[in-house]
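Participant: Quick one: structure below, then a few questions.
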Number of protein chains: 2
Amino acid sequence: MYIEKINSPKDIKNMTIAELEALAEEIRKGLMNRLSKKGGHFGPNFGFVEATIALHYVFDSPKDKIVYDVSHQSYTHKILTGRKDAFYLDEHFGDISGYTNPEESDHDFFNVGHTSTSVSLACGLAKGRDLKGDKENIIAVIGDGSLSGGEALEGIDFAAELESNFIIVVNDNDMSIAENHGGLYKNLKALRESDGSCECNLFKAMGLDYLYVSEGNNIGKLIEAFKKVKDIDHPVVLHICTEKGKGYAPAEKNKESWHWHMPFDIETGKDIYSREGEDYGSMTCDYLLKKMKADKTVVTVVAAVPTNIGFTEDKRKKAGKQFVDVGIAEEHAVAMVSGIAKNGGKPVFATHSSFFQRTYDQISQDLCINGNSATLLVNTASVYGMSDITHLGIYDIPMMSNIPNLVYLAPTNCEEYFAMLDWSIEQDKYPVAIRVPCNGVIHSESTVDTDYSELNKYRITRQGENIAIIALGDFYRIGEELADMIAEKTGAAPTLINPRYITGIDTKMLEELKRTHTKVVTLEDGSLDGGFGEKITRFYGSSDMRVYNYGLKKEFIDRYSVDEILKKNRITPLQITEDIL
Amino acid sequence: MYIEKINSPKDIKNMTIAELEALAEEIRKGLMNRLSKKGGHFGPNFGFVEATIALHYVFDSPKDKIVYDVSHQSYTHKILTGRKDAFYLDEHFGDISGYTNPEESDHDFFNVGHTSTSVSLACGLAKGRDLKGDKENIIAVIGDGSLSGGEALEGIDFAAELESNFIIVVNDNDMSIAENHGGLYKNLKALRESDGSCECNLFKAMGLDYLYVSEGNNIGKLIEAFKKVKDIDHPVVLHICTEKGKGYAPAEKNKESWHWHMPFDIETGKDIYSREGEDYGSMTCDYLLKKMKADKTVVTVVAAVPTNIGFTEDKRKKAGKQFVDVGIAEEHAVAMVSGIAKNGGKPVFATHSSFFQRTYDQISQDLCINGNSATLLVNTASVYGMSDITHLGIYDIPMMSNIPNLVYLAPTNCEEYFAMLDWSIEQDKYPVAIRVPCNGVIHSESTVDTDYSELNKYRITRQGENIAIIALGDFYRIGEELADMIAEKTGAAPTLINPRYITGIDTKMLEELKRTHTKVVTLEDGSLDGGFGEKITRFYGSSDMRVYNYGLKKEFIDRYSVDEILKKNRITPLQITEDIL
C-alpha cells in the first residue's frame with residue numbers, strides 16, 4: 001500500500017507513473033469507503049483522482065495554490081494533504097467537511113461550496129502575488145457545469161487581462177449535476193471532437209491561451225501537460241476530459257444520480273437507507289406536471305438542480321417544452337421568468353435558498369421593480385435544511401423579504417403550501433416567493449385559504465389572551481407546542497397566529513392585539529437580523545407591548561446539530577416559556 | 001421637418017432612406033436640446049439613432065418586442081414611440097425617465113437601468129411567446145460594455161437553447177463607460193477587423209448564429225440586415241459597429257466623459273454649471289493614490305465606474321498596476337478582492353450601492369464566509385444619491401448589514417470616513433464595507449477615532465437625558481438638528497449617539513441608556529425594513545424603553561424630491577419632535 005506513506009504532497013514527488021496509478025486505485029478505495037457509508041459527492045471525486053495526483057506531483061502546494069470550484073471534487077486533494085484518515089478510518093469521517101476548508105489545512109485557500117467562483121478567487125490570489133512580487137503558480141480548477149455561471153464567465157473574461165502566471169484547468173466531463181445546458185457546451189463538444197484544434201474556441205474568444213488533454217484520467221499525460229504550463233508567464237486554459245464517476249460502473253452509467261449519492265451497498269450500488277413517505281420534491285413535481293398539462297402557459301424553470309423539485313429525467317421528458325433547465329445560471333433564470341410572465345406565461349422557478357443569493361439584484365431589478373407575476377420556490381430555506389456553512393438556508397428572509405413589491409409567503413403545512421402555489425401561479429399582480437416547508441410533510445387539520453390576494457392578512461388559529469405567538473412557516477409547529485405549554489403553565493391559553501406573509505405586517509390585527517394582550521412572541525426559521533420578527537417589534541416599538549423575537553443569531557454555522565442550534569438560540573418551548581413568564 | 005409627423009413607428013414605414021437619414025439629423029437635434037439643458041446619457045443615445053430608426057422601420061413594435069440593455073440608449077426609441085415632446089419642448093422634459101418605462105408606453109417592456117439584463121429578459125419574452133404559440137419577433141439590444149456582465153453571458157449562453165425566433169443586436173462601439181476590459185473585447189476587435197469573418201467567434205462559440213454589419217450608423221445597411229433576420233426561426237446575433245457619441249465632435253473625441261454628461265454649452269461643449277468645492281470622489285482618489293504609492297500591496301478595484309471614486313484617465317495611469325478596472329463584472333470584483341486579501345494584498349473595491357446588489361452572494365460566500373480583509377466602498381448609498389428607480393441607494397443596509405462577519409461602517413463626516421478607510425485597509429481581520437457619505441463634505445469639529453477594531457462600540461457625542469438619538473451616517477446631521485430642537489422645546493438636552501457600526505449593536509451602551517432614558521430615536525438613511533433601527537428596537541423589545549425608528553418606507557421610489565420623501569416618511573426634526581413628545 002502506497003497510501004500508508006502519503007502524508008503530504010511531497011511524498012508522491014518521487015513515485016513512478018506506475019506507482020501513481022496504483023496509488024490512484026488505493027485512493028478510490030478510500031473514497032469508496034467514505035462515500036458508501038456516509039454519502040457525498042461521488043461522481044466529481046471519482047472522476048478527478050488522476051488529475052489531483054498529477055497536480056500535486058507537478059506543482060508545489062501550498063506555495064503553488066490550487067483553487068477548486070465548488071470544491072466538491074477535492075476529496076483526493078484532502079487525502080494527499082494530510083487528511084486521509086477521514087476516508088480510510090470510519091471514526092475519522094467527521095474530521096473534514098465536504099468542501100475545501102482553510103481551517104483544515106494550509107493547502108486549502110477558501111471555504112467554497114457555490115459554483116463558478118474559482119477563477120475569480122484565483123485571479124485574486126494571482127493579483128495578490130503580483131503586488132507582492134512573488135512567483136508561485138496559481139491554478140483554478142473548474143468543472144464544465146460551472147462554466148455557465150455568470151461569475152465564472154466574468155472571471156474567465158477578466159483572467160485574460162492578467163499578464164502573469166495563471167492556469168485554469170477546465171475539468172470537462174460533459175455533465176453538470178444533470179446534463180449540461182447552454183450553447184457553450186456545443187463548443188466544448190467541438191473541441192473534444194477535434195482534439196482541441198477547432199478554430200472556434202470559447203476560451204480563445206475570451207482572450208486566453210489554450211491547451212487540450214484528451215485523456216484526463218491518464219496520470220502520465222496529465223503530468224506532461226501540467227509540466228508544460230508550470231511557471232507559464234501568462235494566463236492559459238488547460239482543457240482536460242475526464243469521466244465523471246470513473247472506476248465504479250453504476251456511477252459511470254448513471255452520472256446524474258451519482259453526482260451526489262446517499263450511502264449505498266458497494267456490490268449492488270443500491271441505497272442502504274430507503275426513503276419512505278411523502279416529500280415535497282416529488283409532490284411539487286406531480287402538482288406542476290398536472291398544472292402544466294392543463295395549462296400550456298405554465299412553465300417550470302430550474303438552474304441545474306431539477307430533482308430539487310422532483311424533476312427526474314423521466315418527468316423532465318414528460319414536461320417537454322414546459323420544463324426549462326437553464327444550467328448553472330440563476331441570474332438568467334430570475335430575469336427570464338420575469339420576461340415569461342411579462343409575455344403571458346406562468347413561470348415557476350425553484351432552487352435552494354442558498355442559491356437564490358446569486359440573484360438578489362435580479363429579484364429586485366428584473367422582477368420586482370417590474371412587478372411581474374413569476375413564482376419563486378425557495379427550497380431548503382430552513383435550519384432543518386443543509387448544514388454546510390456554504391449551503392445554509394437561514395438568510396433568505398433578510399435577503400428577500402426586504403425587497404419592495406415581492407410577496408414572500410411562508411406556508412405552515414402541505415395544503416397551505418399547495419394552495420399558495422396555486423394562487424401564485426394563477427394571479428397576475430405580484431412577484432411571489434414561497435418558502436417551501438422543510439420539516440417533513442405535515443397535513444392540515446382544517447381548511448386552508450385559497451386566495452392570498454389580500455396581502456399581509458395574518459390568521460389567528462387559536463384565539464387566546466395575554467400572550468400572542470406569531471409563528472412563521474416551519475416554526476409554526478414550535479408555536480403550537482409553545483402555546484400548549486403556556487396554557488398548561490399559566491392556565492390561560494395564548495393566542496396563536498399564522499402570519500403567512502413574510503413581507504408585511506397585519507397592522508390591524510397587531511393593533512387589536514394591544515387590547516387584550518401584553519406580550520407578543522415571534523418565531524422564525526432563519527436569521528433574526530433583518531428578518532420577520534423585527535418588523536413586528538418595530539410596530540410595537542413605542543407601545544406598551546412586550547415583544548420577544550426568536551430566531552437564529554446572525555452568524556455562519558457549519559455542520560451543526562439542529563437540536564443544539566435551537567437550544568443555543570433558546571428556540572425551544574421550555575426556554576421561551578422561561579424567558580417570557 | 002419630418003419629425004413633426006412622427007407620432008408612432010408606423011409613421012416612418014413609408015419613408016425613403018434619404019428621408020430617414022434626414023429624420024436622424026432631426027432626432028439628434030431633439031437629443032441635443034434635452035441633453036444640453038438637462039444632462040443625461042449622451043454617447044449611447046447619439047450613437048444609436050440610426051439603429052433605432054432601422055429597428056422601428058423593419059420591425060412592428062410593440063407586437064415585435066425590443067428590449068434595450070441598461071436602456072440608456074432608448075431616447076430615439078422614445079422619440080419614435082410618441083414621446084418626442086420630452087426632447088423638443090423644454091416644459092415636457094419631466095414627462096419621461098431616462099430609461100425604458102412600461103408606464104410611459106406600450107413600446108417599453110421593462111423598467112431597466114442595470115446592465116447586462118436584456119438578453120435574459122428578452123429570452124423570457126420569447127419563451128412566453130412560444131408557450132402561447134405566438135409568432136412575433138423578440139429583439140435584445142445589448143451594448144458591448146454590458147457583454148462582460150455575468151447575467152449577459154449567462155443569457156447569451158442560454159439563448160442558444162431557444163429553438164425559435166430570437167435576435168440579439170450587439171451594439172459594438174468599443175467602449176464601456178470608460179474603455180472596455182476583458183478578453184472578449186479582443187475577439188470583438190478581431191471580428192471588426194475581419195469584417196465578421198474570423199473563425200474564432202465568441203458568439204458562435206456560445207452556440208449562436210452570427211451576422212456582421214460594419215456600418216452601424218448607416219440606416220440603409222441596417223435595414224437590409226434587420227430584414228435578413230426578421231422572422232428568423234432560430235437565435236441569431238447581429239453584431240453592428242456604431243460610433244459612440246456620433247454627430248457631436250466633443251463626444252466623438254472624448255467618449256468616456258460624454259457617456260453621461262451634465263448640461264453643457266452646445267458651441268463649446270463646456271459644462272454650464274461648474275462644480276465647486278470638495279467632493280468625496282476626488283478626495284478618495286487622492287487618498288488612495290497616496291496610499292498606493294506608499295504601499296505596493298494596496299490596490300484599487302472598480303467595475304466600469306472608475307470616476308465614481310475620482311479615477312479619471314490620468315489618475316488611472318498614475319496608479320498603474322495598482323488600479324484594476326474589471327469592466328462590468330461586479331461579481332468577479334468582489335470574489336477577486338477576497339482572493340487578493342487572502343494572498344497578502346490590501347484591496348479596495350468601490351461601486352454604487354445599487355450595483356453592489358449584483359454581489360450579495362459574493363459578499364456572503366466568497367468574502368464573508370472566508371473572512372478576508374477586503375474593503376468595499378459603497379457609494380451613493382443614500383436618499384441623497386441617485387433618484388432613478390433602478391439606481392436607488394437605500395437598500396444596501398438591509399442587503400449587506402445582515403450578512404454575518406461583515407463590518408459595515410457609517411461615517412458621519414469627512415475625517416471619520418478617511419479614518420475608517422485607513423483603518424480598514426491596514427487591518428487584516430475583517431471584511432469591511434464603508435458607506436461613503438453622500439450629503440456633501442462635512443468636516444469634523446472634534447477628533448475622530450483611528451482604531452475601529454473594537455467592533456460595535458457606539459460613541460456618545462452629546463450626553464443628555466430622557467431621550468437618546470441614535471443617528472447613523474448621513475442622517476447624523478438630522479440627529480444634531482433634532483437634538484437641538486428637543487433641547488429647545490423641553491429644556492432638557494437629549495443624548496446624541498453616533499453608532500458608527502451598522503452591523504451590530506452596542507449592548508452595553510444600550511443597556512446603560514435604560515437607567516436615565518425612557519425614549520430612543522433611531523435615524524437611518526435607507527429603507528427601514530431589515531435595517532439598522534430594527535436591531536435597536538429588538539434589543540429593547542421586552543423592556544420599558546420606547547423606541548421610534550425613522551428611515552424610509554419599503555417601496556420603490558422614482559425621480560423623487562429628497563425633501564418630499566423625507567417629509568413623507570416624517571424624517572424632519574419637527575415631525576419627529578411632534579411624534580415623540
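Chain labels A, B, ... are given in the sequence in which chains occur in the C-alpha cells; within each chain residues are numbered consecutively from 1, and ligands are likewise numbered from 1 in the order shown.
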If we count only C-alpha atoms and set the cut-off at 9 Å, which residues sit around region 55-72 of chain A, ignoring sequence neighbours fewer than 5 positions away in its own chain? Please answer as a PyMOL selection string.
Facilitator: chain A and resi 9-10+12-15+40-42+44-45+50+77+80-81+98-100+106-119+121-122+125+135-143+146+222-224+226-227+230
Participant: Do you know which residues are at most 9 Å from Phe349 (chain B) counting only C-alpha atoms, after dropping those on the same chain fewer than 4 positions away, and could you put them as a PyMOL selection string?
Facilitator: chain B and resi 299-303+333-334+337+374-378
Participant: Considering only C-alpha atoms, return as a PyMOL selection string whatever protein or nucleic-acid residues lie within 9 Å of Cys123 (chain A), sequence-local ones (same chain, fewer than 6 positions apart) excluded.
Facilitator: (chain A and resi 138+140+155+158-159+162+166) or (chain B and resi 335-337+339-340)
Participant: May I ask which of the residues B:Glu313, B:Glu481, B:Glu103, B:Glu564 is the closest one to chain A, counting only C-alpha atoms?
Facilitator: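 Looking at the shortest contact to chain A, the residue is B:Glu103.
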Participant: I'd like the neighbourhood of Gly43 (chain A) as a PDB file with C-alpha atoms, in the first residue's frame, where a residue qualifies if any of its atoms comes within 8 Å (using only C-alpha atoms), though same-chain residues fewer than 4 positions away should be ignored.
Facilitator:
```pdb
ATOM      1  CA  GLY A  47     -13.533  11.459 -11.936  1.00  0.00           C
ATOM      2  CA  LYS A 244     -17.389  11.537 -14.090  1.00  0.00           C
ATOM      3  CA  GLY A 245     -17.696   8.655 -11.613  1.00  0.00           C
ATOM      4  CA  LYS A 246     -14.760   6.810 -13.200  1.00  0.00           C
ATOM      5  CA  ALA A 251     -21.649   5.823 -11.364  1.00  0.00           C
ATOM      6  CA  GLU A 252     -20.164   5.750 -14.845  1.00  0.00           C
ATOM      7  CA  LYS A 255     -23.921  10.103 -13.896  1.00  0.00           C
ATOM      8  CA  TRP A 258     -24.268   9.506  -8.746  1.00  0.00           C
ATOM      9  CA  HIS A 259     -23.282  13.185  -8.750  1.00  0.00           C
ATOM     10  CA  TRP A 260     -24.145  13.181  -5.063  1.00  0.00           C
TER      11      TRP A 260
END
```
Participant: I need the helix (DSSP H, G or I) residues of region 154-370 of chain A per DSSP on the backbone, written as a PyMOL selection string.
Facilitator: chain A and resi 154-159+184-193+202-205+219-229+249-253+280-294+306-309+313-322+330-342+353-368
Participant: Show which residues sit within 10 Å of Asp558 (chain B), as a PyMOL selection string. Count only C-alpha atoms, and ignore same-chain residues fewer than 2 positions away.
Facilitator: chain B and resi 97+386-392+555-556+560-561
Participant: Give me a file of those residues, with all heavy atoms, as a compact mmCIF listing (two decimals), in the first residue's frame.
Facilitator:
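Final file, result11.txt:
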```txt
# COMPACT_ATOMS: atom_id res chain seq x y z
N SER B 97 -38.68 59.27 -18.06
CA SER B 97 -37.48 58.88 -17.31
C SER B 97 -36.34 58.72 -18.31
O SER B 97 -36.54 58.84 -19.52
CB SER B 97 -37.72 57.56 -16.59
OG SER B 97 -37.76 56.49 -17.51
N MET B 386 -28.66 58.76 -6.24
CA MET B 386 -29.40 58.79 -7.49
C MET B 386 -30.88 58.47 -7.23
O MET B 386 -31.20 57.63 -6.42
CB MET B 386 -28.79 57.77 -8.46
CG MET B 386 -27.38 58.15 -8.88
SD MET B 386 -26.63 56.95 -10.03
CE MET B 386 -26.14 55.65 -8.90
N SER B 387 -31.76 59.16 -7.97
CA SER B 387 -33.18 59.02 -7.66
C SER B 387 -33.97 58.22 -8.68
O SER B 387 -35.18 58.09 -8.58
CB SER B 387 -33.81 60.41 -7.49
OG SER B 387 -33.91 61.04 -8.75
N ASP B 388 -33.29 57.66 -9.68
CA ASP B 388 -34.00 56.77 -10.62
C ASP B 388 -34.34 55.46 -9.92
O ASP B 388 -33.54 54.93 -9.16
CB ASP B 388 -33.12 56.49 -11.85
CG ASP B 388 -32.91 57.73 -12.69
OD1 ASP B 388 -33.90 58.23 -13.23
OD2 ASP B 388 -31.76 58.21 -12.77
N ILE B 389 -35.50 54.94 -10.22
CA ILE B 389 -35.99 53.74 -9.53
C ILE B 389 -35.01 52.59 -9.63
O ILE B 389 -34.93 51.75 -8.72
CB ILE B 389 -37.39 53.35 -10.10
CG1 ILE B 389 -38.05 52.26 -9.24
CG2 ILE B 389 -37.32 52.92 -11.55
CD1 ILE B 389 -39.52 52.01 -9.60
N THR B 390 -34.23 52.55 -10.71
CA THR B 390 -33.27 51.45 -10.90
C THR B 390 -31.90 51.72 -10.27
O THR B 390 -31.02 50.87 -10.33
CB THR B 390 -33.06 51.20 -12.41
OG1 THR B 390 -32.79 52.47 -13.04
CG2 THR B 390 -34.28 50.57 -13.04
N HIS B 391 -31.72 52.88 -9.67
CA HIS B 391 -30.40 53.23 -9.16
C HIS B 391 -30.44 53.69 -7.70
O HIS B 391 -29.51 54.35 -7.23
CB HIS B 391 -29.77 54.34 -10.02
CG HIS B 391 -29.31 53.88 -11.37
ND1 HIS B 391 -30.20 53.52 -12.36
CD2 HIS B 391 -28.08 53.67 -11.88
CE1 HIS B 391 -29.52 53.14 -13.44
NE2 HIS B 391 -28.24 53.22 -13.17
N LEU B 392 -31.50 53.34 -7.00
CA LEU B 392 -31.67 53.81 -5.64
C LEU B 392 -30.59 53.27 -4.70
O LEU B 392 -30.19 52.11 -4.81
CB LEU B 392 -33.06 53.41 -5.12
CG LEU B 392 -34.24 53.94 -5.96
CD1 LEU B 392 -35.55 53.33 -5.48
CD2 LEU B 392 -34.30 55.46 -5.90
N GLU B 555 -40.34 50.66 -0.27
CA GLU B 555 -41.04 50.85 -1.54
C GLU B 555 -40.03 51.31 -2.58
O GLU B 555 -39.00 51.87 -2.25
CB GLU B 555 -42.17 51.89 -1.40
CG GLU B 555 -41.65 53.27 -1.02
CD GLU B 555 -42.75 54.32 -0.85
OE1 GLU B 555 -43.88 54.09 -1.31
OE2 GLU B 555 -42.46 55.37 -0.25
N PHE B 556 -40.34 51.04 -3.83
CA PHE B 556 -39.53 51.60 -4.91
C PHE B 556 -40.03 53.01 -5.18
O PHE B 556 -41.23 53.23 -5.38
CB PHE B 556 -39.66 50.77 -6.18
CG PHE B 556 -38.99 49.43 -6.10
CD1 PHE B 556 -39.72 48.25 -6.20
CD2 PHE B 556 -37.61 49.33 -5.90
CE1 PHE B 556 -39.09 47.01 -6.13
CE2 PHE B 556 -36.97 48.09 -5.82
CZ PHE B 556 -37.72 46.93 -5.94
N TYR B 560 -37.63 61.25 -7.27
CA TYR B 560 -38.28 61.94 -6.16
C TYR B 560 -37.55 63.22 -5.78
O TYR B 560 -36.38 63.42 -6.14
CB TYR B 560 -38.33 61.00 -4.94
CG TYR B 560 -36.96 60.48 -4.54
CD1 TYR B 560 -36.11 61.24 -3.73
CD2 TYR B 560 -36.51 59.24 -4.97
CE1 TYR B 560 -34.85 60.78 -3.38
CE2 TYR B 560 -35.25 58.76 -4.62
CZ TYR B 560 -34.44 59.54 -3.82
OH TYR B 560 -33.20 59.09 -3.48
N SER B 561 -38.22 64.05 -5.05
CA SER B 561 -37.56 65.18 -4.40
C SER B 561 -37.20 64.72 -2.99
O SER B 561 -38.03 64.16 -2.27
CB SER B 561 -38.52 66.38 -4.35
OG SER B 561 -38.59 66.91 -3.04
```
Participant: What does the distance from CA of Arg435 (chain A) to CA of Ala410 (chain A) come to in Å, to one decimal?
Facilitator: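 Those two atoms sit 5.2 Å apart.
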Participant: Taking into account only C-alpha atoms, which residue in the set B:Lys554, B:Lys29, B:Arg515, B:Lys37 is nearest to Tyr395 (chain B)?
Facilitator: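 Ranked by minimum distance to Tyr395 (chain B), first place goes to B:Lys554.
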Participant: Extract, using only C-alpha atoms, all DNA, RNA and protein residues at most 10 Å from Val407 (chain B), discarding same-chain residues fewer than 2 positions from it, and format them as JSON, numbers by chain.
Facilitator: {"B": [368, 375, 400, 401, 403, 404, 405, 409, 424, 430, 431, 432, 433, 434, 452, 453, 455, 456, 501, 502, 503, 504]}
Participant: Any chance you can output those residues with C-alpha atoms as a compact mmCIF listing (two decimals), in the first residue's frame?
Facilitator:
```
# COMPACT_ATOMS: atom_id res chain seq x y z
CA CYS B 368 -17.50 36.95 4.41
CA THR B 375 -12.57 46.91 1.85
CA MET B 400 -25.47 43.89 3.36
CA SER B 401 -25.70 44.50 7.08
CA ILE B 403 -24.60 39.16 6.27
CA PRO B 404 -22.53 37.60 9.06
CA ASN B 405 -18.86 38.57 9.53
CA LEU B 409 -19.32 51.28 8.87
CA SER B 424 -9.92 49.12 7.13
CA TYR B 430 -12.48 41.58 8.81
CA PRO B 431 -14.23 42.16 5.52
CA VAL B 432 -15.22 45.82 5.87
CA ALA B 433 -17.72 47.91 3.94
CA ILE B 434 -17.91 51.68 4.32
CA TYR B 452 -12.23 50.64 14.80
CA SER B 453 -11.14 47.18 15.84
CA LEU B 455 -16.49 46.28 16.98
CA ASN B 456 -19.92 47.76 17.60
CA TYR B 501 -21.23 50.38 13.10
CA ILE B 502 -24.26 49.33 11.07
CA THR B 503 -23.65 45.64 11.56
CA GLY B 504 -24.02 45.32 15.30
```
Participant: Do a neighbour search on Asn217 (chain B) at 12 Å with only C-alpha atoms, toss out local chain neighbours closer than 5 positions, and write the hits as a PyMOL selection string.
Facilitator: chain B and resi 20-21+24-25+45-54+171-173+222-223+240-247
Participant: Could you please take those selected residues and save N, CA and C atoms as a short mmCIF file (atom, residue, chain, number, x, y, z; two decimals), in the first residue's frame?
Facilitator:
```cif
data_model
loop_
_atom_site.label_atom_id
_atom_site.label_comp_id
_atom_site.auth_asym_id
_atom_site.auth_seq_id
_atom_site.Cartn_x
_atom_site.Cartn_y
_atom_site.Cartn_z
N LEU B 20 -35.25 59.07 -44.05
CA LEU B 20 -34.90 58.55 -42.72
C LEU B 20 -33.59 59.16 -42.23
N GLU B 21 -32.69 59.35 -43.17
CA GLU B 21 -31.40 59.97 -42.80
C GLU B 21 -31.61 61.42 -42.35
N ALA B 24 -32.95 61.29 -38.94
CA ALA B 24 -31.90 61.03 -37.94
C ALA B 24 -31.28 62.35 -37.46
N GLU B 25 -31.05 63.26 -38.40
CA GLU B 25 -30.45 64.54 -38.01
C GLU B 25 -31.43 65.35 -37.16
N ASN B 45 -26.87 57.44 -26.69
CA ASN B 45 -28.01 57.85 -27.50
C ASN B 45 -27.60 58.40 -28.86
N PHE B 46 -26.56 59.23 -28.89
CA PHE B 46 -26.11 59.76 -30.18
C PHE B 46 -25.60 58.65 -31.10
N GLY B 47 -25.07 57.60 -30.52
CA GLY B 47 -24.53 56.51 -31.34
C GLY B 47 -25.60 55.57 -31.89
N PHE B 48 -26.79 55.60 -31.29
CA PHE B 48 -27.78 54.57 -31.63
C PHE B 48 -29.00 55.13 -32.35
N VAL B 49 -28.90 56.32 -32.91
CA VAL B 49 -30.03 56.94 -33.62
C VAL B 49 -30.42 56.12 -34.85
N GLU B 50 -29.44 55.84 -35.71
CA GLU B 50 -29.72 55.14 -36.96
C GLU B 50 -30.26 53.74 -36.69
N ALA B 51 -29.63 53.05 -35.76
CA ALA B 51 -30.05 51.66 -35.49
C ALA B 51 -31.49 51.63 -34.97
N THR B 52 -31.86 52.61 -34.14
CA THR B 52 -33.23 52.63 -33.62
C THR B 52 -34.23 52.89 -34.74
N ILE B 53 -33.90 53.83 -35.61
CA ILE B 53 -34.78 54.11 -36.76
C ILE B 53 -34.95 52.84 -37.60
N ALA B 54 -33.84 52.18 -37.88
CA ALA B 54 -33.90 50.96 -38.71
C ALA B 54 -34.70 49.87 -38.02
N ASN B 171 -24.53 45.99 -30.00
CA ASN B 171 -24.16 47.34 -30.40
C ASN B 171 -22.73 47.60 -29.97
N ASP B 172 -21.81 47.41 -30.87
CA ASP B 172 -20.38 47.44 -30.55
C ASP B 172 -19.81 48.81 -30.87
N ASN B 173 -19.50 49.56 -29.83
CA ASN B 173 -18.85 50.86 -30.06
C ASN B 173 -17.49 50.91 -29.40
N LEU B 222 -28.39 48.92 -42.23
CA LEU B 222 -29.03 48.33 -41.05
C LEU B 222 -30.38 47.73 -41.42
N ILE B 223 -31.13 48.48 -42.25
CA ILE B 223 -32.45 47.99 -42.66
C ILE B 223 -32.30 46.66 -43.41
N ILE B 240 -23.32 44.80 -34.76
CA ILE B 240 -23.23 46.05 -35.54
C ILE B 240 -22.24 47.01 -34.88
N CYS B 241 -21.48 47.69 -35.72
CA CYS B 241 -20.48 48.62 -35.19
C CYS B 241 -20.98 50.05 -35.30
N THR B 242 -21.10 50.71 -34.16
CA THR B 242 -21.57 52.09 -34.16
C THR B 242 -20.50 52.99 -33.55
N GLU B 243 -20.68 54.26 -33.72
CA GLU B 243 -19.77 55.20 -33.07
C GLU B 243 -20.48 55.88 -31.92
N LYS B 244 -19.92 55.70 -30.74
CA LYS B 244 -20.50 56.32 -29.55
C LYS B 244 -20.40 57.84 -29.69
N GLY B 245 -21.49 58.53 -29.39
CA GLY B 245 -21.46 60.00 -29.44
C GLY B 245 -21.54 60.58 -30.84
N LYS B 246 -21.83 59.74 -31.83
CA LYS B 246 -21.75 60.18 -33.24
C LYS B 246 -22.59 61.43 -33.52
N GLY B 247 -21.99 62.37 -34.21
CA GLY B 247 -22.72 63.56 -34.62
C GLY B 247 -22.38 64.78 -33.80
#
```
Participant: Can you tell me, as a PyMOL selection string, which residues in region 212-382 of chain B count as strand (DSSP E) by DSSP?
Facilitator: chain B and resi 212-213+235-241+260-261+298-302+323-325+346-352+375-379
